[in-house]
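**Student:** Sharing entry-v4.cif (mmCIF, C-alpha atoms and all ligand atoms) below.
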data_my_file
#
loop_
_atom_site.label_atom_id
_atom_site.label_comp_id
_atom_site.auth_asym_id
_atom_site.auth_seq_id
_atom_site.Cartn_x
_atom_site.Cartn_y
_atom_site.Cartn_z
CA MET A 632 31.50 103.06 124.44
CA LYS A 633 32.79 104.28 121.06
CA LEU A 634 30.25 105.08 118.32
CA ARG A 635 31.48 102.21 116.12
CA LEU A 636 31.11 99.79 119.00
CA TRP A 637 27.59 101.06 119.66
CA LYS A 638 26.61 100.35 116.06
CA GLU A 639 28.00 96.83 116.30
CA ARG A 640 26.33 96.12 119.61
CA LEU A 641 23.00 97.11 118.12
CA HIS A 642 23.28 94.45 115.36
CA PRO A 643 21.44 91.73 117.36
CA TYR A 644 18.62 94.22 118.01
CA GLU A 645 18.38 95.07 114.31
CA LEU A 646 18.27 91.40 113.41
CA ALA A 647 15.60 90.69 116.03
CA VAL A 648 13.39 93.48 114.69
CA LYS A 649 13.80 92.31 111.09
CA GLU A 650 13.05 88.68 111.98
CA LEU A 651 10.03 89.46 114.14
CA VAL A 652 8.47 91.88 111.62
CA MET A 653 8.89 89.27 108.90
CA LYS A 654 7.43 86.46 111.03
CA LEU A 655 4.41 88.49 112.12
CA GLN A 656 3.77 89.78 108.59
CA PHE A 657 3.79 86.17 107.48
CA VAL A 658 1.05 85.44 110.02
CA ILE A 659 -1.09 88.06 108.21
CA LYS A 660 -0.32 86.47 104.83
CA GLU A 661 -1.21 82.97 106.07
CA HIS A 662 -4.59 84.18 107.33
CA MET A 663 -5.27 86.04 104.06
CA ASP A 664 -4.36 83.03 101.93
CA CYS A 665 -6.75 80.87 103.96
CA GLY A 666 -9.49 83.52 103.76
CA VAL A 667 -9.53 83.72 107.57
CA TYR A 668 -9.75 86.97 109.57
CA CYS A 669 -6.40 87.98 111.07
CA PRO A 670 -6.37 89.81 114.43
CA ILE A 671 -3.15 91.52 113.29
CA GLU A 672 -3.78 94.39 110.88
CA LYS A 673 -0.17 95.52 110.40
CA VAL A 674 3.26 95.26 111.97
CA ASN A 675 6.25 97.53 112.07
CA GLY A 676 9.41 97.75 114.07
CA ARG A 677 12.41 99.90 114.84
CA VAL A 678 15.66 99.94 116.75
CA LYS A 679 15.91 102.96 119.03
CA SER A 680 18.40 105.51 117.73
CA ILE A 681 21.59 105.95 119.76
CA SER A 682 20.54 109.49 120.74
CA SER A 683 17.12 108.24 121.99
CA ILE A 684 18.85 105.49 123.98
CA LEU A 685 21.16 108.04 125.58
CA SER A 686 18.37 110.49 126.44
CA LYS A 687 16.25 107.69 127.94
CA ALA A 688 19.29 106.58 129.98
CA GLU A 689 19.78 110.13 131.22
CA ARG A 690 16.06 110.50 132.06
CA LYS A 691 16.09 107.27 134.04
CA GLY A 692 19.53 107.80 135.62
CA ILE A 693 21.02 104.70 133.97
CA PRO A 694 24.83 104.73 133.57
CA VAL A 695 25.83 104.53 129.90
CA ASP A 696 27.62 101.18 130.38
CA GLU A 697 24.40 99.60 131.68
CA VAL A 698 21.95 100.79 129.02
CA LEU A 699 21.93 97.60 126.96
CA ASP A 700 21.11 95.56 130.08
CA ARG A 701 18.56 97.92 131.57
CA ILE A 702 16.62 99.48 128.67
CA GLU A 703 14.15 96.93 127.39
CA ASP A 704 12.74 98.76 124.37
CA ILE A 705 15.89 99.17 122.29
CA ALA A 706 14.28 96.70 119.92
CA GLY A 707 10.62 97.58 119.48
CA ILE A 708 7.78 96.00 117.54
CA ARG A 709 4.36 97.59 117.09
CA ILE A 710 1.37 95.44 116.24
CA ILE A 711 -1.73 97.29 115.08
CA CYS A 712 -5.15 95.65 115.37
CA GLN A 713 -8.55 96.74 114.14
CA PHE A 714 -10.48 95.94 117.32
CA GLU A 715 -9.69 95.98 121.03
CA GLU A 716 -10.61 92.26 121.37
CA ASP A 717 -8.00 91.44 118.72
CA ILE A 718 -5.30 92.83 121.02
CA TYR A 719 -5.99 90.20 123.68
CA GLN A 720 -6.10 87.48 121.02
CA VAL A 721 -2.68 88.61 119.78
CA VAL A 722 -1.34 88.59 123.35
CA GLU A 723 -2.53 84.97 123.79
CA TYR A 724 -0.97 84.07 120.48
CA LEU A 725 2.41 85.61 121.40
CA ARG A 726 2.39 83.80 124.76
CA SER A 727 1.91 80.52 122.89
CA ARG A 728 4.79 80.96 120.43
CA THR A 729 7.83 78.80 121.06
CA ASP A 730 10.39 81.18 119.51
CA MET A 731 9.92 83.83 122.21
CA LYS A 732 9.39 84.01 125.95
CA VAL A 733 7.12 86.66 127.44
CA THR A 734 8.89 88.12 130.49
CA SER A 735 6.56 90.99 131.39
CA GLU A 736 3.22 92.51 130.43
CA ILE A 737 1.57 95.84 131.14
CA ASP A 738 -2.04 96.46 130.18
CA TYR A 739 -2.25 100.21 129.58
CA ILE A 740 -5.72 99.63 128.07
CA ALA A 741 -7.29 98.46 131.31
CA HIS A 742 -5.05 100.95 133.16
CA PRO A 743 -4.33 103.95 130.88
CA LYS A 744 -1.34 106.19 131.67
CA PRO A 745 -2.14 109.63 133.21
CA SER A 746 -1.40 111.10 129.75
CA GLY A 747 -4.35 109.13 128.32
CA TYR A 748 -1.97 106.67 126.58
CA ARG A 749 -3.48 103.23 125.91
CA SER A 750 -1.72 100.17 124.53
CA TYR A 751 -0.79 96.65 125.64
CA HIS A 752 2.94 96.26 126.29
CA ILE A 753 4.81 92.99 126.32
CA VAL A 754 8.50 92.38 126.77
CA ILE A 755 9.84 89.16 125.32
CA GLU A 756 13.19 87.41 125.34
CA TYR A 757 14.19 86.58 121.80
CA GLN A 758 17.20 84.63 120.60
CA VAL A 759 19.19 85.76 117.57
CA GLN A 760 22.22 84.43 115.79
CA THR A 761 24.42 87.06 114.15
CA SER A 762 27.63 86.28 112.23
CA PHE A 763 29.60 86.52 115.47
CA GLU A 764 27.36 85.52 118.36
CA SER A 765 24.20 83.90 119.55
CA CYS A 766 22.40 85.97 122.16
CA THR A 767 19.07 86.53 123.84
CA ILE A 768 17.81 90.09 123.88
CA PRO A 769 14.70 91.84 125.20
CA VAL A 770 12.18 93.15 122.66
CA GLU A 771 9.25 95.37 123.58
CA ILE A 772 6.04 94.65 121.67
CA GLN A 773 3.35 97.33 121.75
CA ILE A 774 -0.11 96.13 120.70
CA ARG A 775 -2.84 98.68 120.02
CA THR A 776 -5.80 99.48 117.80
CA LEU A 777 -5.61 101.79 114.78
CA ALA A 778 -7.38 104.47 116.81
CA MET A 779 -5.04 104.11 119.83
CA ASP A 780 -2.07 104.27 117.44
CA PHE A 781 -3.30 107.47 115.81
CA TRP A 782 -3.61 109.12 119.22
CA ALA A 783 -0.22 107.87 120.48
CA VAL A 784 1.65 108.95 117.35
CA VAL A 785 0.18 112.45 117.51
CA GLU A 786 0.79 112.78 121.26
CA HIS A 787 4.35 111.48 120.88
CA SER A 788 5.14 114.09 118.23
CA LEU A 789 3.77 116.82 120.52
CA GLN A 790 6.04 115.56 123.31
CA TYR A 791 8.99 116.16 120.99
CA LYS A 792 7.75 119.58 119.93
CA TYR A 793 7.22 120.77 123.51
CA GLU A 794 10.14 118.77 124.97
CA GLU A 795 7.73 116.78 127.15
CA LYS A 796 6.13 119.92 128.66
CA ILE A 797 2.93 119.95 126.63
CA PRO A 798 0.90 123.13 127.47
CA ASP A 799 -2.22 122.57 129.59
CA ARG A 800 -4.69 123.65 126.87
CA ILE A 801 -3.25 121.04 124.47
CA ARG A 802 -3.05 118.42 127.24
CA ARG A 803 -6.76 118.96 127.96
CA ARG A 804 -7.61 118.51 124.27
CA LEU A 805 -5.48 115.36 124.16
CA MET A 806 -7.44 113.96 127.11
CA THR A 807 -10.71 114.73 125.29
CA SER A 808 -9.45 113.03 122.15
CA ALA A 809 -8.26 110.04 124.21
CA GLU A 810 -11.87 109.67 125.39
CA ALA A 811 -13.04 109.94 121.77
CA VAL A 812 -10.65 107.08 120.91
CA ILE A 813 -12.28 104.93 123.60
CA SER A 814 -15.75 105.67 122.14
CA LEU A 815 -14.53 104.98 118.60
CA ASP A 816 -13.09 101.59 119.61
CA GLU A 817 -16.34 100.76 121.45
CA GLU A 818 -18.43 101.69 118.37
CA MET A 819 -16.21 99.56 116.13
CA THR A 820 -16.50 96.63 118.54
CA ALA A 821 -20.29 96.87 118.32
CA ILE A 822 -20.21 96.29 114.55
CA ARG A 823 -17.13 94.05 114.63
CA ASP A 824 -18.87 90.90 113.37
CA ASP A 825 -20.31 92.71 110.34
CA ILE A 826 -16.97 94.32 109.48
CA LYS A 827 -15.14 90.98 109.88
CA GLU A 828 -17.69 89.18 107.72
CA ALA A 829 -17.37 91.79 104.96
CA GLN A 830 -13.56 91.67 105.05
CA THR A 831 -13.44 87.87 105.05
CA ALA A 832 -15.84 87.75 102.08
CA PHE A 833 -13.63 90.25 100.25
CA HIS A 834 -10.46 88.18 100.82
CA LYS A 835 -12.23 84.94 99.88
CA LYS A 836 -13.33 86.48 96.59
CA ALA A 837 -9.85 87.88 95.96
CA ASN A 838 -8.28 84.44 96.59
CA LEU A 839 -10.81 82.76 94.30
CA VAL A 840 -10.10 85.24 91.50
CA GLN A 841 -6.35 84.76 91.98
CA ASP A 842 -6.70 80.94 91.78
CA ILE A 843 -8.80 81.11 88.60
CA MET A 844 -6.44 83.59 86.95
CA ASN A 845 -3.42 81.43 87.81
CA SER A 846 -5.07 78.35 86.31
CA LEU A 847 -6.16 80.24 83.18
CA GLY A 848 -2.56 81.45 82.84
CA VAL A 849 -1.33 77.85 82.92
CA LEU A 850 -4.05 76.72 80.46
CA SER A 851 -3.24 79.56 78.04
CA LYS A 852 -0.07 77.66 77.11
CA THR A 853 -1.81 74.41 76.33
CA VAL A 854 -5.52 74.63 75.47
CA ALA A 855 -6.98 75.99 72.22
CA ASP A 856 -7.67 79.74 72.07
CA GLU A 857 -11.40 79.19 71.58
CA LYS A 858 -11.70 77.10 74.75
CA LEU A 859 -9.65 79.61 76.70
CA ILE A 860 -11.83 82.52 75.54
CA THR A 861 -14.98 80.62 76.55
CA LEU A 862 -13.55 80.01 80.02
CA GLN A 863 -12.44 83.61 80.33
CA ASN A 864 -15.85 84.97 79.29
CA ARG A 865 -17.56 82.67 81.77
CA PHE A 866 -15.23 83.92 84.46
CA PHE A 867 -15.94 87.61 83.69
CA GLU A 868 -19.68 86.99 83.62
CA LEU A 869 -19.69 85.22 87.00
CA TYR A 870 -17.32 87.82 88.45
CA ASN A 871 -19.63 90.67 87.39
CA GLN A 872 -22.62 88.82 88.84
CA GLY A 873 -20.65 88.26 92.08
CA ASN A 874 -21.75 84.63 91.93
CA MET A 875 -19.41 83.01 94.45
CA GLU A 876 -20.83 79.48 94.24
CA GLU A 877 -20.44 79.28 90.47
CA LEU A 878 -17.02 80.96 90.67
CA LYS A 879 -15.97 78.15 93.03
CA GLN A 880 -17.26 75.60 90.51
CA LEU A 881 -15.31 77.31 87.75
CA ARG A 882 -12.18 77.29 89.92
CA ASP A 883 -12.54 73.53 90.46
CA GLU A 884 -13.13 72.98 86.73
CA VAL A 885 -10.08 74.95 85.56
CA ASP A 886 -8.02 73.37 88.31
CA LEU A 887 -9.03 69.91 87.07
CA LEU A 888 -8.25 70.92 83.48
CA CYS A 889 -4.78 72.06 84.57
CA LYS A 890 -4.16 68.74 86.30
CA MET A 891 -5.32 66.81 83.23
CA GLN A 892 -3.07 68.85 80.94
CA LEU A 893 -0.15 68.21 83.26
CA GLN A 894 -0.92 64.48 83.35
CA GLU A 895 -1.03 64.39 79.53
CA LYS A 896 2.35 66.10 79.37
CA LEU A 897 3.84 63.61 81.85
CA ASN A 898 2.49 60.67 79.83
CA LEU A 899 4.09 61.91 76.61
P1 LIG B 901 9.84 105.76 121.59
O1 LIG B 901 10.33 106.86 120.75
O2 LIG B 901 8.47 105.33 121.20
O3 LIG B 901 10.79 104.64 121.72
P2 LIG B 901 8.09 105.00 131.99
O4 LIG B 901 9.33 105.80 132.07
O5 LIG B 901 7.87 104.02 133.09
O6 LIG B 901 6.88 105.86 131.69
P3 LIG B 901 9.21 103.12 130.09
O7 LIG B 901 10.08 102.44 131.07
O8 LIG B 901 9.89 103.75 128.94
O9 LIG B 901 8.21 104.17 130.68
O10 LIG B 901 8.22 102.02 129.61
P4 LIG B 901 6.80 102.20 129.01
O11 LIG B 901 5.92 102.99 129.87
O12 LIG B 901 6.40 100.80 128.71
O13 LIG B 901 7.02 103.05 127.68
C1 LIG B 901 7.73 102.56 126.60
C2 LIG B 901 7.19 103.15 125.33
O14 LIG B 901 5.75 103.18 125.35
C3 LIG B 901 7.57 104.57 125.03
O15 LIG B 901 8.85 104.60 124.47
C4 LIG B 901 6.50 104.98 124.05
O16 LIG B 901 6.71 104.41 122.77
C5 LIG B 901 5.29 104.33 124.65
N1 LIG B 901 4.65 105.25 125.61
C6 LIG B 901 4.62 105.13 126.94
N2 LIG B 901 3.93 106.13 127.50
C7 LIG B 901 3.49 106.91 126.49
C8 LIG B 901 2.69 108.11 126.41
O17 LIG B 901 2.26 108.68 127.42
N3 LIG B 901 2.46 108.63 125.16
C9 LIG B 901 2.93 108.03 124.03
N4 LIG B 901 2.63 108.59 122.87
N5 LIG B 901 3.68 106.91 124.07
C10 LIG B 901 3.96 106.35 125.27
P5 LIG B 901 9.72 105.93 124.47
O18 LIG B 901 11.09 105.58 124.84
O19 LIG B 901 9.07 106.99 125.29
O20 LIG B 901 9.66 106.46 123.01
#
Re-express the file's structure as structure tokens.
Ligand code: 0O2

**Tutor:**
Amino acid sequence: MKLRLWKERLHPYELAVKELVMKLQFVIKEHMDCGVYCPIEKVNGRVKSISSILSKAERKGIPVDEVLDRIEDIAGIRIICQFEEDIYQVVEYLRSRTDMKVTSEIDYIAHPKPSGYRSYHIVIEYQVQTSFESCTIPVEIQIRTLAMDFWAVVEHSLQYKYEEKIPDRIRRRLMTSAEAVISLDEEMTAIRDDIKEAQTAFHKKANLVQDIMNSLGVLSKTVADEKLITLQNRFFELYNQGNMEELKQLRDEVDLLCKMQLQEKLNL
């Protein structure tokens, strides 16, 4: 296959990665806007470089002409979660989506690799429509916690440095740190409810502040300066007190004022 052809044949993979990252990032936004905890912390994706595809093909004895059919992680998505439980919630969620079909799953958390690697791997079939074709391609989705990700990224870079022959002394240390990752995830799970509660409260307050600021922005164009300053001062006072109940009342009041101003304008 010529280099130019390679680039073109990777277009559907690029599109799939872009679409999936955008869709999953939107899931995070929807949860945030509703003030609900999201089991997805962050999402990123990549298309394997041509040289990585070729070296994987060589490692696995796959003829070059068959790589696109036989390598399933050319398009790759990585979903990072805060807690181990979140991973299984994300897996359930992906299984339930109608724009993808899960074709295989490997739980490297329940069954870590001999290297110490832990992650949940899913392969999906995903349909894309480029300018020239509609096709279904495989996409590998790796789901792991922040701690698992830290370990995997470091170990992966060492594999590159030592060309996959990591010296024994470093391998031993990696195994010890893999155990530390397990303990860290267990500790985090133990205080998961408290962390979630704190984060949800933070997002709720942030959304409330955003709503009030938006309404005050709208009112600044219509109501008298004095009234606006009174509302603003009340907002700052309640914000500094951290008084959520009264902030909610203020949000409803300024929201109502906005609606009334709009109604007046429409009646003119
Ligand atoms: P990159 O650069 O991340 O794309 P196998 O040959 O059976 O071990 P296979 O068929 O590649 O593996 O599938 P598997 O096991 O699901 O691994 C796919 C990807 O998982 C790898 O892609 C890595 O990203 C990650 N992975 C698997 N094992 C390990 C590991 O021991 N350490 C780390 N850090 N990552 C791992 P690539 O192609 O290796 O690399």

**Student:** Suppose you want the space between CA of Phe714 in chain A and CA of Asp824 in chain A; what is it in Å?

**Tutor:**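 Computed distance, CA of Phe714 in chain A to CA of Asp824 in chain A, equals 10.6 Å.
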
**Student:** Can you measure CA of Gln863 in chain A to CA of Leu893 in chain A for me? One decimal in Å is fine.

**Tutor:** 19.9 Å

**Student:** Nearest to ligand LIG 901 (chain B) among A:Tyr870, A:Tyr757, A:Tyr791, A:Tyr644, with distances taken over all atoms listed in the file: which residue is it?

**Tutor:** A:Tyr791

**Student:** Using CA of Val885 in chain A and CA of Ala832 in chain A as the two end points, give the distance in Å to one decimal.

**Tutor:**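 Spanning CA of Val885 in chain A to CA of Ala832 in chain A is a straight-line distance of 21.7 Å.
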
**Student:** Chain A near ligand LIG 901 (chain B) within 8 Å: what's each residue's closest atom pair and its distance in Å to one decimal, counting only C-alpha atoms and all ligand atoms, ordered by chain then ascending residue number, as CSV?

**Tutor:**
residue,atom,partner,partner_atom,distance
A:Lys679,CA,B:LIG901,O3,6.0
A:Ser683,CA,B:LIG901,O1,7.0
A:Ile684,CA,B:LIG901,O18,7.8
A:Lys687,CA,B:LIG901,O18,6.4
A:Lys691,CA,B:LIG901,O4,7.2
A:Ile702,CA,B:LIG901,O7,7.6
A:Glu703,CA,B:LIG901,O7,7.8
A:Asp704,CA,B:LIG901,C1,6.7
A:Ile705,CA,B:LIG901,O3,7.5
A:Gly707,CA,B:LIG901,O3,7.4
A:Ile737,CA,B:LIG901,O12,7.3
A:Lys744,CA,B:LIG901,O17,6.1
A:Pro745,CA,B:LIG901,O17,7.3
A:Ser746,CA,B:LIG901,O17,5.0
A:Gly747,CA,B:LIG901,O17,6.7
A:Tyr748,CA,B:LIG901,O17,4.8
A:Arg749,CA,B:LIG901,C8,7.9
A:His752,CA,B:LIG901,O12,6.2
A:Glu771,CA,B:LIG901,C1,7.9
A:Gln773,CA,B:LIG901,O14,7.3
A:Trp782,CA,B:LIG901,N4,7.2
A:Ala783,CA,B:LIG901,N4,3.8
A:Val784,CA,B:LIG901,N4,5.6
A:Val785,CA,B:LIG901,N4,7.0
A:Glu786,CA,B:LIG901,N4,4.9
A:His787,CA,B:LIG901,N4,3.9
A:Ser788,CA,B:LIG901,N4,7.6
A:Gln790,CA,B:LIG901,N4,7.8

**Student:** Identify, on the basis of all atoms listed in the file, every residue whose closest approach to Leu850 in chain A does not exceed 9 Å; exclude the query and any residue fewer than 5 positions from it along the same chain; express the result as a list in words.

**Tutor:**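 In the requested form, the answer reads Asn845, Ala855, Leu859, Val885, Leu888, Cys889 and Gln892 of chain A.
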
**Student:** At a cut-off of 12 Å, using all atoms listed in the file, what residues contact range 652-656 of chain A? Leave out same-chain residues fewer than 2 positions from it and give the result as a ChimeraX atom specification.

**Tutor:** /A:645-650,658-663,669-678,706-711,721,724-725,728,730-731,770,772

**Student:** Taking all atoms listed in the file into account, which of A:Glu877, A:Asp700, A:Glu895, A:Asp816 comes nearest Ile718 in chain A?

**Tutor:**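 Checking each candidate against Ile718 in chain A, we get A:Asp816 as the closest.
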
**Student:** For a quick check of understanding, using all atoms listed in the file, which of A:Lys879, A:Val854, A:Ser814, A:Lys796 has the smallest distance to Phe866 in chain A?

**Tutor:** A:Lys879

**Student:** For a quick check of your reading of the model, name the residues lying within 6 Å of the coordinate (-6.9, 88.0, 102.3), counting all atoms listed in the file, and write them as a list in words.

**Tutor:**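 Applying the cut-off with all atoms listed in the file, one gets Met663, Asp664, Gly666 and His834 of chain A.
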
**Student:** If we count all atoms listed in the file and set the cut-off at 12 Å, which residues sit around range 818-822 of chain A, ignoring sequence neighbours fewer than 5 positions away in its own chain? Please answer as a short mmCIF file (atom, residue, chain, number, x, y, z; two decimals) with C-alpha atoms, in the frame of the given file.

**Tutor:**
data_model
loop_
_atom_site.label_atom_id
_atom_site.label_comp_id
_atom_site.auth_asym_id
_atom_site.auth_seq_id
_atom_site.Cartn_x
_atom_site.Cartn_y
_atom_site.Cartn_z
CA CYS A 712 -5.15 95.65 115.37
CA GLN A 713 -8.55 96.74 114.14
CA PHE A 714 -10.48 95.94 117.32
CA GLU A 715 -9.69 95.98 121.03
CA GLU A 716 -10.61 92.26 121.37
CA ASP A 717 -8.00 91.44 118.72
CA THR A 776 -5.80 99.48 117.80
CA LEU A 777 -5.61 101.79 114.78
CA ALA A 778 -7.38 104.47 116.81
CA ALA A 811 -13.04 109.94 121.77
CA VAL A 812 -10.65 107.08 120.91
CA ILE A 813 -12.28 104.93 123.60
CA LYS A 827 -15.14 90.98 109.88
CA GLU A 828 -17.69 89.18 107.72
CA ALA A 829 -17.37 91.79 104.96
#

**Student:** Looking at A:Ile826, A:Ile801, A:Val698, A:Leu651, which one is nearest to Ile755 in chain A, with distances taken over all atoms listed in the file?

**Tutor:**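 Among the listed residues, A:Leu651 lies closest to Ile755 in chain A.
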
**Student:** My list of candidates is A:Pro743, A:Thr734, A:Asp842, A:Lys835. Which is closest to Met806 in chain A when distances are computed with all atoms listed in the file?

**Tutor:**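 Closest candidate: A:Pro743.
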
**Student:** So, counting all atoms listed in the file, which residue among A:Arg690, A:Gln841, A:Leu887, A:Leu869 is closest to Glu795 in chain A?

**Tutor:**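 Using all atoms listed in the file, the shortest distance to Glu795 in chain A belongs to A:Arg690.
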
**Student:** Step by step: start from the point (-9.1, 84.4, 82.2) in the file's coordinates, keep every protein, DNA or RNA residue that has an atom no farther than 10 Å from it, count all atoms listed in the file, and write the set as a short mmCIF file (atom, residue, chain, number, x, y, z; two decimals) with C-alpha atoms, in the coordinates of the input.

**Tutor:**
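Result saved to point.cif:
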data_model
loop_
_atom_site.label_atom_id
_atom_site.label_comp_id
_atom_site.auth_asym_id
_atom_site.auth_seq_id
_atom_site.Cartn_x
_atom_site.Cartn_y
_atom_site.Cartn_z
CA VAL A 840 -10.10 85.24 91.50
CA ILE A 843 -8.80 81.11 88.60
CA MET A 844 -6.44 83.59 86.95
CA ASN A 845 -3.42 81.43 87.81
CA SER A 846 -5.07 78.35 86.31
CA LEU A 847 -6.16 80.24 83.18
CA GLY A 848 -2.56 81.45 82.84
CA LEU A 850 -4.05 76.72 80.46
CA SER A 851 -3.24 79.56 78.04
CA LEU A 859 -9.65 79.61 76.70
CA ILE A 860 -11.83 82.52 75.54
CA THR A 861 -14.98 80.62 76.55
CA LEU A 862 -13.55 80.01 80.02
CA GLN A 863 -12.44 83.61 80.33
CA ASN A 864 -15.85 84.97 79.29
CA ARG A 865 -17.56 82.67 81.77
CA PHE A 866 -15.23 83.92 84.46
CA PHE A 867 -15.94 87.61 83.69
#

**Student:** Hey, can I get the axis-aligned box for range 823-838 of chain A? All listed atoms, 6 Å padding on each side, centre and edge lengths in Å to one decimal, as AutoDock Vina command-line options.

**Tutor:**
--center_x -14.3 --center_y 89.4 --center_z 105.3 --size_x 24.0 --size_y 21.9 --size_z 30.7
